[in-house]
Amino acid sequence: MTLKNPVLVFIFFCLTINAHSQVEPTTQAEEKKVMVTTKDGSVVYGTFVERDDNSLVVKSMSLSTVVIPISEIEDIIYLRSNKLKDKKGFNIDYHNSTRYFIYPSGYGLKKGQSYYENVWIFWNSYAVGVSDNFTFSASSEIASLLFASQFPTLFLNGKFSIPFDEDKGAFGINLSFITIPGDDFQSYTFLSGSLTAGSRNHNVTLGMGGGFHVANGITDEVIPITLSFMTRVSSKLSFVSENWLIAQNDFNDFNGIVSAGLRIHFKETGNALNIGLVRPLDLDSSFIGIPLVSGTVKLK
């Protein structure tokens with residue numbers, strides 16, 4: 001099996017997914033923004049005031065001062081960034097800013113944040129912020145098990161993120177491992193980088209990577225180069241575009257893939273639905289594109 005077939009899997013199913021971040025309150029905690037989730041599902045955003053053994057006091061952005069019993073708190077996230085909204089007043093989506101449709105941005109999850117993502121029904125992903133600068137994700141599909149009785153595609157990814165000054169961007173390094181369905185077990189490893197300029201809501205990312213066959217070693221047969229961008233156009237919608245240039249055979253052959261669509265943000269920040277079209281450029285000109293639908297559910 002050549003590396004060409006695994007690359008198609010790599011393009012359409014890989015690279016989900018790190019870090020402004022979460023910290024415990026310090027002596028300057030009164031200046032920190034906090035997101036509190038209660039056991040009944042309510043979420044309170046505001047400025048940390050004080051905390052004792054029985055309660056947490058938050059100066060809410062809309063409800064003035066709120067006293068929340070510790071026994072009613074499900075989760076507390078202290079944000080190192082002082083901003084829960086961007087300059088246009090839109091909520092900052094920390095979960096979905098980590099990637100476009102497939103390819104990752106330089107941003108990542110905060111420590112303890114996590115989400116579940118489903119792509120095309122059959123592809124399932126889970127990502128968690130292990131630390132402020134490291135995110136781990138695991139993904140797999142079930143089609144191989146249901147229809148071919150083969151070992152399914154399995155994708156593991158570790159991402160180390162280095163943030164720039166606030167709202168300036170971030171750089172991410174991704175190390176990925178993927179298995180290919182088949183009677184003979186084959187696996188590949190990819191190393192890629194994401195240089196992101198801009199804020200979490202409005203940014204552009206240049207990405208590049210390479211891979212090697214775990215059994216046969218490094219290969220330069222395929223070099224994927226990506227240019228992606230997203231921008232928040234309203235409180236509910238973001239425009240997302242992800243575009244690939246794939247160099248093969250020592251840069252003698254090139255293939256391209258373009259995509260564009262919308263990210264629909266739900267009331268609870270972190271939950272979103274992606275709807276787009278993906279079009280390989282070498283297909284017939286009458287072909288518009290392959291629909292892409294994915295959904296993200298914030299777990300923490």
# chains A, B, ... in the order shown; residues from 1 in each chain; ligands from 1

$ select_by_dssp --residues "region 71-244 of chain A" --states "strand (DSSP E)" --output "MDAnalysis selection string"
chainID A and resid 73:79 114:119 123:129 134:141 154:163 169:180 186:198 202:213 217:219 222:232 237:244

$ residues_around --residues "region 112-127 of chain A" --least-positions-apart "5" --cutoff "10 Å" --atoms "only C-alpha atoms" --output "number ranges by chain"
A: 12-14, 16-17, 21-22, 75, 77, 94-96, 101-102, 132, 135-144, 146, 153-158, 270-274, 291-300

$ write_last_selection --atoms "C-alpha atoms" --output "CSV table (one decimal), in the first residue's frame"
chain,number,residue,atom,x,y,z
A,12,PHE,CA,-10.8,14.0,5.8
A,13,PHE,CA,-10.6,12.4,9.2
A,14,CYS,CA,-7.5,13.6,11.0
A,16,THR,CA,-8.7,17.4,15.4
A,17,ILE,CA,-7.3,19.2,17.6
A,21,SER,CA,-5.3,29.0,30.4
A,22,GLN,CA,-6.9,28.0,33.6
A,75,ASP,CA,-17.0,23.1,38.0
A,77,ILE,CA,-12.6,27.6,35.7
A,94,TYR,CA,-12.1,28.4,23.6
A,95,HIS,CA,-13.2,24.9,22.5
A,96,ASN,CA,-13.8,25.4,18.8
A,101,PHE,CA,-13.0,21.8,10.1
A,102,ILE,CA,-10.2,19.2,10.5
A,132,ASP,CA,-2.3,24.8,29.7
A,135,THR,CA,-3.9,18.9,24.5
A,136,PHE,CA,-4.5,15.2,23.8
A,137,SER,CA,-7.2,13.9,21.5
A,138,ALA,CA,-8.3,10.4,20.4
A,139,SER,CA,-10.5,9.6,17.4
A,140,SER,CA,-11.9,6.6,15.7
A,141,GLU,CA,-14.5,5.6,13.1
A,142,ILE,CA,-17.0,2.7,13.3
A,143,ALA,CA,-17.7,2.1,9.6
A,144,SER,CA,-14.9,-0.5,9.3
A,146,LEU,CA,-19.9,-2.2,10.9
A,153,THR,CA,-9.1,3.8,11.7
A,154,LEU,CA,-7.6,5.0,15.0
A,155,PHE,CA,-6.2,8.5,15.4
A,156,LEU,CA,-4.2,9.8,18.4
A,157,ASN,CA,-2.9,13.3,18.6
A,158,GLY,CA,-0.8,15.3,21.0
A,270,GLY,CA,-18.3,25.6,23.4
A,271,ASN,CA,-21.2,23.8,21.7
A,272,ALA,CA,-21.3,24.2,18.0
A,273,LEU,CA,-22.5,22.7,14.7
A,274,ASN,CA,-20.3,22.9,11.5
A,291,PRO,CA,-21.0,18.0,2.4
A,292,LEU,CA,-19.3,18.1,5.7
A,293,VAL,CA,-21.3,18.1,8.9
A,294,SER,CA,-19.9,17.9,12.4
A,295,GLY,CA,-21.0,18.8,15.9
A,296,THR,CA,-19.1,19.7,19.1
A,297,VAL,CA,-20.4,19.2,22.6
A,298,LYS,CA,-18.4,20.8,25.4
A,299,LEU,CA,-17.9,18.4,28.3
A,300,LYS,CA,-16.0,20.8,30.5

$ select_by_dssp --residues "region 63-220 of chain A" --states "helix (DSSP H, G or I)" --output "list in words"
Ile70, Ser71, Glu72, Asn96, Ser97, Thr98, Ala143, Ser144, Leu145, Leu146, Phe147 and Ala148 of chain A

$ atom_distance --atom1 "CA of Ile246 (chain A)" --atom2 "CA of Ala170 (chain A)"
23.6 Å

$ closest_residue --among "A:Val66, A:Ile264, A:Ile173, A:Ile257" --to "Gly289 (chain A)" --atoms "only C-alpha atoms"
A:Ile257

$ residues_around --residues "Ser64 (chain A)" --least-positions-apart "3" --cutoff "12 Å" --atoms "only C-alpha atoms" --output "PDB file with C-alpha atoms, in the first residue's frame"
ATOM      1  CA  VAL A  44     -22.192  32.140  35.693  1.00  0.00           C
ATOM      2  CA  TYR A  45     -19.504  34.343  34.124  1.00  0.00           C
ATOM      3  CA  GLY A  46     -17.932  37.113  36.117  1.00  0.00           C
ATOM      4  CA  THR A  47     -15.097  38.405  38.254  1.00  0.00           C
ATOM      5  CA  PHE A  48     -13.850  36.384  41.215  1.00  0.00           C
ATOM      6  CA  VAL A  49     -14.425  38.270  44.510  1.00  0.00           C
ATOM      7  CA  VAL A  57     -18.661  35.128  45.551  1.00  0.00           C
ATOM      8  CA  VAL A  58     -18.691  36.252  41.923  1.00  0.00           C
ATOM      9  CA  LYS A  59     -19.407  39.681  40.512  1.00  0.00           C
ATOM     10  CA  SER A  60     -21.520  38.621  37.577  1.00  0.00           C
ATOM     11  CA  MET A  61     -21.500  40.478  34.282  1.00  0.00           C
ATOM     12  CA  VAL A  67     -23.064  34.095  46.172  1.00  0.00           C
TER      13      VAL A  67
END
